[in-house]
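This report concerns only the one structure given below.
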Amino acid sequence: MSGVGTESNDPLPSPPEEQQATTGLDKGEEDLLQRKEEDSKGEGEMSDCVSGQNGEPKTDDQSPTVSQVCTATKMTLLPKSPHVKTHALTLEWAFGMNRALPVFSLQDQDQLVILYGGTNVAVMYDQTSNSQHVLQGHSSPISCLCVSEDRRWLVTADRGQESLVIIWDSFSGIPVRTLFDSHPEGGVAALALSKDSKYLDFLICSQRVCIWDWTNETEDPLCVTDLNPEYGFQNHIIFNPNDITQLLSNSESQYMIVSYIFQDKQHLDYIAPELLDKTFNKVVGMLSQSVFHWRGLQALSATSVGNLVLWDMVRASSTSRHLVRRAIKLIPLQKDGITVLTLTDSFIVTGDTLGHVKFYDENFKLISWYSEFNLDPITSISFSKEVPPNRSQGYLEDCTLEAKMFVIRNFVLSTVNSTVVHVNAQGGVLQTLLREHCEALHAVACHPQQPVVAMGSHSGILKVWDYERKVSICSRVFEKERHIQCITYDPQGFYLAVGFASGSVHVLDACTLLSEAEERFNFSQDCITHITFSSDSLYLATAVTVMVFCLYTGKSMQRWKYLGRHHSHYKPIRDLLFGVYLDSTQPRLLSLGMDRRLEYSVKDELLILSSERIEQSAVPTCMAWYPPLTTEDFLLTASDLYKMKLFNSTTKMCRKTLLGPTYGSPVEKMAMLPFSKDHDPSAHYMAYITKDKVGVQILPIDGNPHKSSALICHPTGVSAMACSYDSRYVFTAGGSDCTVLSWEISLNALEAAASLGGKELIPFYSLLDGGRDGELFREMEDFFYYCQLRNQGIDSMEMRQVSTRIPLAEVPFVMRALGFFPTEQELEDMQNEVKFSRYAESGRYVTNIDLEEFIKLYVNHRPAFGISRKELLHTFQVLGDSYVMGEPVVNKIELLELLQDRGEHMTENELAECFTTLVGLNPEGGGPDLGAFECDGMYHHVQFKVVSKNLKMRLKLHGFDSLPLKLCVYTE
């Protein structure tokens with residue numbers, strides 16, 4: 001999803017002032033605009049696909065010179081007929097908004113359309129047709145938005161790595177210009193477009209002002225200026241509508257900065273007039289927003305205590321001709337803090353902390369106000385671009401003595417609690433457009449039988465949506481517990497269980513969201529991180545400590561009862577899962593912890609039946625029941641080392657280790673997609689989330705990277721995931737970004753991408769350095785066939801029996817020869833994986849392996865990204881307990897004791913074999929006849945030095961020559 005914007009090389013003419021794309025352009029400029037669009041057409045169509053836009057492919061009868069931007073109208077973004085999905089996941093709807101960003105009114109007559117920001121997307125919401133057009137292209141959270149005066153051009157900017165500024169055409173939804181690497185210092189803090197839409201100004205978080213002529217082909221800004229950090233963090237900036245050479249910005253401190261653009265010098269100067277409480281001998285307050293007066297010379301700033309500061313041009317001194325801007329008047333406009341200041345026609349408009357909107361004339365006299373809406377503090381006000389009609393029928397009277405008709409444009413308000421309302425000036429009618437979650441949203445769950453999704457946030461709001469019709473069905477507000485952390489439906493869809501950060505658990509009716517007093521449990525003071533039902537809906541389990549509730553059936557009604565709890569893990573629980581015992585219907589509860597242990601608990605009373613350690617060094621992250629693809633019953637787990645493992649559910653034996661998705665972070669949660677009647681019943685799929693991505697995977701998992709696809713969904717982190725009952729959608733909750741995104745799944749596109757990756761062993765060759773023709777593969781062949789010679793005896797003169805397979809006992813030697821040194825536990829897992837691979841079908845063990853199977857085994861078991869220099873250096877620092885010449889060292893005796901007492905213990909003979917092999921005294925790897933391995937004496941001191949020299953030579957070849965190898969030299 002990163003880098004989706006379209007950057008063109010030909011200049012665009014100045015954006016139009018009216019709605020029509022070509023209004024005000026001569027013939028040459030129209031041709032230039034069309035030529036630019038054709039040059040960027042391929043990129044634009046690609047971005048449409050990635051962004052999930054409903055763009056239609058070009059037909060044969062269309063002229064190749066027709067520009068999609070020039071021909072677009074404000075009706076272009078109406079919903080179109082369904083088209084073939086080219087991506088496995090397509091963003092279909094965004095629930096929620098970023099309350100820190102302003103909301104803009106784009107249309108409000110024929111269609112009521114607004115623009116607002118989500119996580120890393122901007123949303124054009126058409127309330128008339130209840131549809132969304134999502135603008136995708138940012139891989140980091142969007143930090144600011146702005147629109148042109150005619151609402152034709154939209155600008156989005158983000159804050160993070162690989163930050164972008166994208167200019168969009170609001171009629172077609174196409175990105176017409178993308179500014180790459182324009183603000184590497186941390187992102188954009190504020191945006192502004194000039195009145196003619198030609199110049200784009202943005203404030204970078206490092207307090208650098210950049211002016212761009214975005215319609216020009218240049219790759220550099222017109223001018224760049226760094227602001228003095230003493231003036232505070234500037235978070236608001238605008239152009240002077242009457243003079244584009246003037247800018248105005250302000251910070252929360254009492255500084256307003258006025259800038260001048262000298263286009264001949266391509267330089268920007270600024271002045272920062274001082275404003276203190278002693279300036280007027282009154283409390284000024286913190287500045288919120290500033291605007292230029294429509295006369296152009298004066299400027300206004302609103303403050304947090306309800307004052308209005310008037311700035312004007314005055315002489316620097318009585319003898320100077322130089323004019324500077326000074327604060328000349330402090331107007332106590334109202335008692336409540338002003339949060340928004342803007343202008344419309346001939347009125348000064350304010351929004352305050354009480355949710356009131358007030359209109360003043362040029363003399364700062366109150367003309368009218370809206371105070372009856374009972375809104376929260378206002379964060380933005382956006383007026384319609386459509387001019388009100390000449391007739392004044394239906395408008396309210398103002399509050400002057402003349403009681404004239406108060407004729408203004410319609411406008412849109414947004415509040416701190418993520419509420420967006422539209423105000424129709426005729427009659428003062430208020431219409432609520434959005435009412436979203438305003439605090440962290442961690443909980444999402446899908447109904448098992450209906451197109452319904454529930455989501456809950458830390459604001460205590462639980463809301464249920466029909467995700468096909470995009471309407472809210474019902475909601476409930478929890479006043480006491482508030483912080484909803486996790487939710488889930490029972491398999492039958494009768495109950496909705498809610499876990500709170502306070503430790504409370506509520507079991508609600510899935511239809512009404514109501515509950516009885518007896519079904520509210522407070523048996524823990526820790527945050528409920530996981531919650532799940534058993535398959536028969538009779539048991540409910542929660543974590544952080546494992547608690548179980550049981551559904552008891554009485555004579556007249558059913559009640560949930562507390563069964564018990566266990567604090568069985570000494571580290572946090574990562575996943576909680578119900579299942580059933582083999583050949584039984586008895587529920588079985590599994591809990592997976594960061595302590596690498598898998599606990600088994602059960603029925604009537606909560607007892608720990610067994611505890612198994614399933615990982616050696618990796619930390620497990622999640623688990624799920626594997627579909628019945630084989631005759632065995634498997635449990636699938638994922639770890640932080642990008643590996644997935646299949647465990648036999650009865651014997652707990654690791655039966656397979658597989659390379660998982662490697663998209664920047666390990667898999668955090670996974671779920672098997674429910675069976676869908678529209679797809680092949682023998683095909684199975686899995687959805688998963690990583691730290692910031694959502695993906696889908698084709699089953700069975702075999703390590704093939706082409707069978708998986710993922711996209712960035714929430715740059716600040718994904719907290720939860722839920723799959724629809726028909727496998728059409730997967731929903732992701734973004735936690736701190738207060739949004740839930742709905743992703744449409746295209747299994748056909750996923751299968752097509754997998755088939756393009758190649759069949760059989762072709763995808764695995766690409767995972768080897770150099771591929772099929774690389775040196776690693778040739779070494780693998782050499783080592784593989786050398787094992788056959790070694791197994792038959794190197795010094796033998798008899799006829800060789802050449803085979804395509806080697807004994808299973810030779811696998812460890814080949815792995816080590818390739819530079820992969822697995823632990824004894826990992827070697828045992830490898831041998832079991834091959835040994836029992838066909839046991840369920842044939843009842844026989846596999847005792848040898850061919851080259852193709854070995855390549856898959858090697859790719860799936862080796863570290864996903866190898867061992868980095870940083871990891872090796874950290875190991876030396878952990879083992880070292882003192883420093884010699886600034887480097888950590890370990891005493892020889894301590895090293896030998898660590899090798900024999902910690903981790904997988906080594907015997908003295910094994911130590912002797914390893915050290916003699918390292919120095920070349922035992923090239924065949926057999927056991928040397930060195931007798932007892934003494935730890936004292938000069939011989940072993942010399943041997944350690946030889947080992948160190950040998951290691952230095954080996955590590956230098958791999959780029960690790962600067963590691964502190966005195967670790968092995970130091971002796972007492």
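Ordering of the structure tokens sets the chain letters (A, B, ...), residue numbers begin anew at 1 in every chain, and ligands are numbered from 1 in the order given.
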
Which residues, written as a ChimeraX atom specification, have at least one atom at most 7 Å from stretch 389-404 of chain A, with only C-alpha atoms counted and residues fewer than 2 positions away on the same chain left out? /A:367-368,387,406-407,425-427

Could you check which of A:Ile142, A:Val548, A:Val421, A:Val667 is closest to A:Trp560, using only C-alpha atoms?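 That would be A:Val548, the residue with the smallest distance to A:Trp560.
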
Surrounding residues of stretch 679-696 of chain A excluding itself and chain neighbours under 6 positions, 6 Å, only C-alpha atoms, as a list in words: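 In the requested form, the answer reads Ser665, Pro666, Val667, Glu668, Lys669, Met670, Ala671, Met672, Leu673, Ser708, Ser709, Ala710, Leu711, Ile712, Cys713, His714, Pro715, Gly717 and Val718 of chain A.
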
Write the residues of the selection above to a file with N, CA, C and O atoms, as a PDB file, in the first residue's frame.
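The resulting file, part_21.pdb, is reproduced below:
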```
ATOM      1  N   SER A 665       6.780  -8.240  10.539  1.00  0.00           N
ATOM      2  CA  SER A 665       6.536  -8.605  11.941  1.00  0.00           C
ATOM      3  C   SER A 665       5.835  -9.952  11.967  1.00  0.00           C
ATOM      4  O   SER A 665       5.136 -10.317  11.017  1.00  0.00           O
ATOM      5  N   PRO A 666       5.991 -10.716  13.030  1.00  0.00           N
ATOM      6  CA  PRO A 666       5.393 -12.054  13.080  1.00  0.00           C
ATOM      7  C   PRO A 666       3.877 -12.011  13.206  1.00  0.00           C
ATOM      8  O   PRO A 666       3.278 -10.981  13.532  1.00  0.00           O
ATOM      9  N   VAL A 667       3.260 -13.150  12.955  1.00  0.00           N
ATOM     10  CA  VAL A 667       1.807 -13.281  13.063  1.00  0.00           C
ATOM     11  C   VAL A 667       1.391 -13.123  14.521  1.00  0.00           C
ATOM     12  O   VAL A 667       1.944 -13.771  15.409  1.00  0.00           O
ATOM     13  N   GLU A 668       0.432 -12.231  14.769  1.00  0.00           N
ATOM     14  CA  GLU A 668      -0.054 -11.974  16.126  1.00  0.00           C
ATOM     15  C   GLU A 668      -1.333 -12.759  16.439  1.00  0.00           C
ATOM     16  O   GLU A 668      -1.510 -13.243  17.546  1.00  0.00           O
ATOM     17  N   LYS A 669      -2.226 -12.866  15.449  1.00  0.00           N
ATOM     18  CA  LYS A 669      -3.467 -13.614  15.626  1.00  0.00           C
ATOM     19  C   LYS A 669      -3.838 -14.240  14.299  1.00  0.00           C
ATOM     20  O   LYS A 669      -3.521 -13.709  13.234  1.00  0.00           O
ATOM     21  N   MET A 670      -4.537 -15.375  14.378  1.00  0.00           N
ATOM     22  CA  MET A 670      -4.965 -16.042  13.151  1.00  0.00           C
ATOM     23  C   MET A 670      -6.299 -16.732  13.389  1.00  0.00           C
ATOM     24  O   MET A 670      -6.649 -17.067  14.525  1.00  0.00           O
ATOM     25  N   ALA A 671      -7.040 -16.922  12.305  1.00  0.00           N
ATOM     26  CA  ALA A 671      -8.348 -17.576  12.381  1.00  0.00           C
ATOM     27  C   ALA A 671      -8.627 -18.260  11.058  1.00  0.00           C
ATOM     28  O   ALA A 671      -8.331 -17.721   9.981  1.00  0.00           O
ATOM     29  N   MET A 672      -9.194 -19.459  11.141  1.00  0.00           N
ATOM     30  CA  MET A 672      -9.560 -20.187   9.927  1.00  0.00           C
ATOM     31  C   MET A 672     -10.847 -19.595   9.357  1.00  0.00           C
ATOM     32  O   MET A 672     -11.810 -19.354  10.090  1.00  0.00           O
ATOM     33  N   LEU A 673     -10.849 -19.338   8.057  1.00  0.00           N
ATOM     34  CA  LEU A 673     -12.054 -18.792   7.429  1.00  0.00           C
ATOM     35  C   LEU A 673     -13.148 -19.849   7.439  1.00  0.00           C
ATOM     36  O   LEU A 673     -12.902 -21.014   7.110  1.00  0.00           O
ATOM     37  N   SER A 708       0.483 -16.657   0.403  1.00  0.00           N
ATOM     38  CA  SER A 708       0.054 -15.697   1.403  1.00  0.00           C
ATOM     39  C   SER A 708       0.087 -14.298   0.814  1.00  0.00           C
ATOM     40  O   SER A 708       0.908 -13.994  -0.058  1.00  0.00           O
ATOM     41  N   SER A 709      -0.822 -13.446   1.283  1.00  0.00           N
ATOM     42  CA  SER A 709      -0.866 -12.057   0.834  1.00  0.00           C
ATOM     43  C   SER A 709      -1.241 -11.180   2.016  1.00  0.00           C
ATOM     44  O   SER A 709      -2.076 -11.573   2.842  1.00  0.00           O
ATOM     45  N   ALA A 710      -0.636  -9.994   2.107  1.00  0.00           N
ATOM     46  CA  ALA A 710      -0.902  -9.112   3.244  1.00  0.00           C
ATOM     47  C   ALA A 710      -0.805  -7.658   2.801  1.00  0.00           C
ATOM     48  O   ALA A 710      -0.107  -7.323   1.836  1.00  0.00           O
ATOM     49  N   LEU A 711      -1.530  -6.798   3.522  1.00  0.00           N
ATOM     50  CA  LEU A 711      -1.530  -5.361   3.264  1.00  0.00           C
ATOM     51  C   LEU A 711      -1.430  -4.607   4.579  1.00  0.00           C
ATOM     52  O   LEU A 711      -1.882  -5.095   5.627  1.00  0.00           O
ATOM     53  N   ILE A 712      -0.878  -3.396   4.537  1.00  0.00           N
ATOM     54  CA  ILE A 712      -0.887  -2.536   5.715  1.00  0.00           C
ATOM     55  C   ILE A 712      -2.320  -2.116   5.995  1.00  0.00           C
ATOM     56  O   ILE A 712      -3.033  -1.651   5.107  1.00  0.00           O
ATOM     57  N   CYS A 713      -2.744  -2.279   7.234  1.00  0.00           N
ATOM     58  CA  CYS A 713      -4.106  -1.874   7.586  1.00  0.00           C
ATOM     59  C   CYS A 713      -4.123  -0.769   8.647  1.00  0.00           C
ATOM     60  O   CYS A 713      -4.806   0.234   8.484  1.00  0.00           O
ATOM     61  N   HIS A 714      -3.384  -0.952   9.736  1.00  0.00           N
ATOM     62  CA  HIS A 714      -3.334   0.050  10.800  1.00  0.00           C
ATOM     63  C   HIS A 714      -1.862   0.306  11.129  1.00  0.00           C
ATOM     64  O   HIS A 714      -1.240  -0.508  11.830  1.00  0.00           O
ATOM     65  N   PRO A 715      -1.280   1.394  10.657  1.00  0.00           N
ATOM     66  CA  PRO A 715       0.157   1.629  10.882  1.00  0.00           C
ATOM     67  C   PRO A 715       0.545   1.702  12.347  1.00  0.00           C
ATOM     68  O   PRO A 715       1.677   1.356  12.698  1.00  0.00           O
ATOM     69  N   GLY A 717      -0.727  -0.116  14.683  1.00  0.00           N
ATOM     70  CA  GLY A 717      -0.875  -1.427  15.297  1.00  0.00           C
ATOM     71  C   GLY A 717      -2.285  -1.972  15.206  1.00  0.00           C
ATOM     72  O   GLY A 717      -3.260  -1.242  15.421  1.00  0.00           O
ATOM     73  N   VAL A 718      -2.387  -3.264  14.873  1.00  0.00           N
ATOM     74  CA  VAL A 718      -3.684  -3.953  14.843  1.00  0.00           C
ATOM     75  C   VAL A 718      -3.885  -4.631  16.188  1.00  0.00           C
ATOM     76  O   VAL A 718      -2.983  -5.299  16.698  1.00  0.00           O
TER      77      VAL A 718
END
```

List the neighbours of stretch 100-115 of chain A out to 8 Å using only C-alpha atoms; skip same-chain residues closer than 3 positions along the sequence, and give me the result as a PDB file with N, CA and C atoms, in the first residue's frame.
```
ATOM      1  N   ALA A 122      -8.011   8.499   3.785  1.00  0.00           N
ATOM      2  CA  ALA A 122      -9.013   9.565   3.823  1.00  0.00           C
ATOM      3  C   ALA A 122     -10.293   9.018   3.212  1.00  0.00           C
ATOM      4  N   VAL A 123     -11.429   9.455   3.742  1.00  0.00           N
ATOM      5  CA  VAL A 123     -12.718   8.892   3.337  1.00  0.00           C
ATOM      6  C   VAL A 123     -13.613   9.999   2.793  1.00  0.00           C
ATOM      7  N   MET A 124     -14.103   9.794   1.576  1.00  0.00           N
ATOM      8  CA  MET A 124     -15.154  10.650   1.026  1.00  0.00           C
ATOM      9  C   MET A 124     -16.472   9.921   1.241  1.00  0.00           C
ATOM     10  N   TYR A 125     -17.269  10.424   2.179  1.00  0.00           N
ATOM     11  CA  TYR A 125     -18.511   9.752   2.566  1.00  0.00           C
ATOM     12  C   TYR A 125     -19.693  10.463   1.938  1.00  0.00           C
ATOM     13  N   ASP A 126     -20.452   9.720   1.144  1.00  0.00           N
ATOM     14  CA  ASP A 126     -21.673  10.230   0.513  1.00  0.00           C
ATOM     15  C   ASP A 126     -22.854   9.794   1.363  1.00  0.00           C
ATOM     16  N   GLN A 127     -23.379  10.721   2.143  1.00  0.00           N
ATOM     17  CA  GLN A 127     -24.491  10.383   3.032  1.00  0.00           C
ATOM     18  C   GLN A 127     -25.764  10.112   2.247  1.00  0.00           C
ATOM     19  N   THR A 128     -25.908  10.717   1.092  1.00  0.00           N
ATOM     20  CA  THR A 128     -27.122  10.534   0.299  1.00  0.00           C
ATOM     21  C   THR A 128     -27.286   9.087  -0.151  1.00  0.00           C
ATOM     22  N   SER A 143      -1.670  12.769   9.048  1.00  0.00           N
ATOM     23  CA  SER A 143      -1.527  13.772  10.096  1.00  0.00           C
ATOM     24  C   SER A 143      -2.294  15.051   9.803  1.00  0.00           C
ATOM     25  N   CYS A 144      -2.605  15.321   8.537  1.00  0.00           N
ATOM     26  CA  CYS A 144      -3.368  16.531   8.221  1.00  0.00           C
ATOM     27  C   CYS A 144      -4.023  16.419   6.844  1.00  0.00           C
ATOM     28  N   LEU A 145      -5.103  17.202   6.699  1.00  0.00           N
ATOM     29  CA  LEU A 145      -5.882  17.263   5.468  1.00  0.00           C
ATOM     30  C   LEU A 145      -6.119  18.726   5.116  1.00  0.00           C
ATOM     31  N   VAL A 147      -8.312  21.118   1.701  1.00  0.00           N
ATOM     32  CA  VAL A 147      -9.030  21.093   0.426  1.00  0.00           C
ATOM     33  C   VAL A 147      -8.905  22.462  -0.230  1.00  0.00           C
ATOM     34  N   ARG A 151     -13.148  22.923  -3.751  1.00  0.00           N
ATOM     35  CA  ARG A 151     -13.331  21.520  -3.340  1.00  0.00           C
ATOM     36  C   ARG A 151     -12.971  20.529  -4.430  1.00  0.00           C
ATOM     37  N   THR A 379     -14.269  20.920  16.970  1.00  0.00           N
ATOM     38  CA  THR A 379     -12.891  20.837  16.477  1.00  0.00           C
ATOM     39  C   THR A 379     -12.737  21.387  15.061  1.00  0.00           C
ATOM     40  N   SER A 380     -13.801  21.440  14.278  1.00  0.00           N
ATOM     41  CA  SER A 380     -13.697  22.003  12.928  1.00  0.00           C
ATOM     42  C   SER A 380     -15.063  22.469  12.442  1.00  0.00           C
ATOM     43  N   ILE A 381     -15.048  23.484  11.577  1.00  0.00           N
ATOM     44  CA  ILE A 381     -16.253  23.989  10.909  1.00  0.00           C
ATOM     45  C   ILE A 381     -15.915  24.155   9.442  1.00  0.00           C
ATOM     46  N   SER A 382     -16.732  23.600   8.569  1.00  0.00           N
ATOM     47  CA  SER A 382     -16.509  23.694   7.130  1.00  0.00           C
ATOM     48  C   SER A 382     -17.802  24.113   6.451  1.00  0.00           C
ATOM     49  N   PHE A 383     -17.757  25.221   5.706  1.00  0.00           N
ATOM     50  CA  PHE A 383     -18.944  25.730   5.036  1.00  0.00           C
ATOM     51  C   PHE A 383     -19.019  25.215   3.605  1.00  0.00           C
ATOM     52  N   SER A 384     -20.226  25.122   3.112  1.00  0.00           N
ATOM     53  CA  SER A 384     -20.467  24.611   1.768  1.00  0.00           C
ATOM     54  C   SER A 384     -19.905  25.565   0.732  1.00  0.00           C
ATOM     55  N   LYS A 385     -19.488  25.010  -0.403  1.00  0.00           N
ATOM     56  CA  LYS A 385     -19.016  25.846  -1.503  1.00  0.00           C
ATOM     57  C   LYS A 385     -20.196  26.436  -2.280  1.00  0.00           C
ATOM     58  N   GLU A 386     -21.395  25.855  -2.125  1.00  0.00           N
ATOM     59  CA  GLU A 386     -22.560  26.354  -2.824  1.00  0.00           C
ATOM     60  C   GLU A 386     -23.079  27.628  -2.156  1.00  0.00           C
ATOM     61  N   ASN A 410     -24.803  26.426   4.190  1.00  0.00           N
ATOM     62  CA  ASN A 410     -24.848  25.238   5.044  1.00  0.00           C
ATOM     63  C   ASN A 410     -23.434  24.912   5.515  1.00  0.00           C
ATOM     64  N   PHE A 411     -23.316  24.228   6.641  1.00  0.00           N
ATOM     65  CA  PHE A 411     -21.983  23.915   7.147  1.00  0.00           C
ATOM     66  C   PHE A 411     -21.976  22.585   7.892  1.00  0.00           C
ATOM     67  N   VAL A 412     -20.760  22.058   8.059  1.00  0.00           N
ATOM     68  CA  VAL A 412     -20.532  20.785   8.727  1.00  0.00           C
ATOM     69  C   VAL A 412     -19.667  21.032   9.953  1.00  0.00           C
ATOM     70  N   LEU A 413     -20.035  20.410  11.077  1.00  0.00           N
ATOM     71  CA  LEU A 413     -19.293  20.527  12.329  1.00  0.00           C
ATOM     72  C   LEU A 413     -18.733  19.160  12.716  1.00  0.00           C
ATOM     73  N   SER A 414     -17.584  19.165  13.357  1.00  0.00           N
ATOM     74  CA  SER A 414     -17.071  17.952  13.993  1.00  0.00           C
ATOM     75  C   SER A 414     -16.683  18.286  15.422  1.00  0.00           C
ATOM     76  N   VAL A 416     -15.008  16.843  19.481  1.00  0.00           N
ATOM     77  CA  VAL A 416     -13.936  16.049  20.071  1.00  0.00           C
ATOM     78  C   VAL A 416     -14.364  14.613  20.317  1.00  0.00           C
ATOM     79  N   VAL A 420     -20.033  14.052  13.795  1.00  0.00           N
ATOM     80  CA  VAL A 420     -20.071  14.968  12.655  1.00  0.00           C
ATOM     81  C   VAL A 420     -21.535  15.276  12.346  1.00  0.00           C
TER      82      VAL A 420
END
```

Calculate how many Å separate atom CA of A:Thr415 from atom CA of A:Leu375, rounding to one decimal.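 Atom-to-atom, atom CA of A:Thr415 to atom CA of A:Leu375, that is 7.3 Å.
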
Tell me, in Å to one decimal, how far atom CA of A:Phe202 is from atom CA of A:Val188.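 Going from atom CA of A:Phe202 over to atom CA of A:Val188, I get 6.5 Å.
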
Would you compute the distance between atom CA of A:Glu516 and atom CA of A:Arg435? Give it in Å to one decimal.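 Between these atoms lies a distance of 27.5 Å.
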
Residue among A:Arg844, A:His706, A:His905, A:His236 lying closest to A:Ser290, counting only C-alpha atoms: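 Ranked by minimum distance to A:Ser290, first place goes to A:His236.
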
Report as a ChimeraX atom specification all protein, DNA and RNA residues lying within 12 Å of A:Ser249, evaluated on only C-alpha atoms, omitting residues in the same chain fewer than 5 positions from it. /A:189-192,201-203,207-209,227,231-240,254-260,270-273,287-292,299-301

Of the candidates A:Ser617, A:Thr156, A:Ser346, A:Ser649, which shows the shortest atom-to-atom distance to A:Glu632, using only C-alpha atoms?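 Once distances to A:Glu632 are computed over only C-alpha atoms, the minimum belongs to A:Ser649.
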
Return the single residue from A:Thr716, A:Ser251, A:Phe347, A:Lys652 that is closest to A:His293, with distances computed using only C-alpha atoms.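 So, comparing all the options, the nearest one is A:Phe347.
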
Give the alpha helix (DSSP H) residues of stretch 675-884 of chain A, as assigned by DSSP on the backbone, as a VMD selection string. chain A and resid 747 to 756 762 to 765 775 to 792 811 to 817 824 to 835 839 to 842 851 to 861 869 to 879
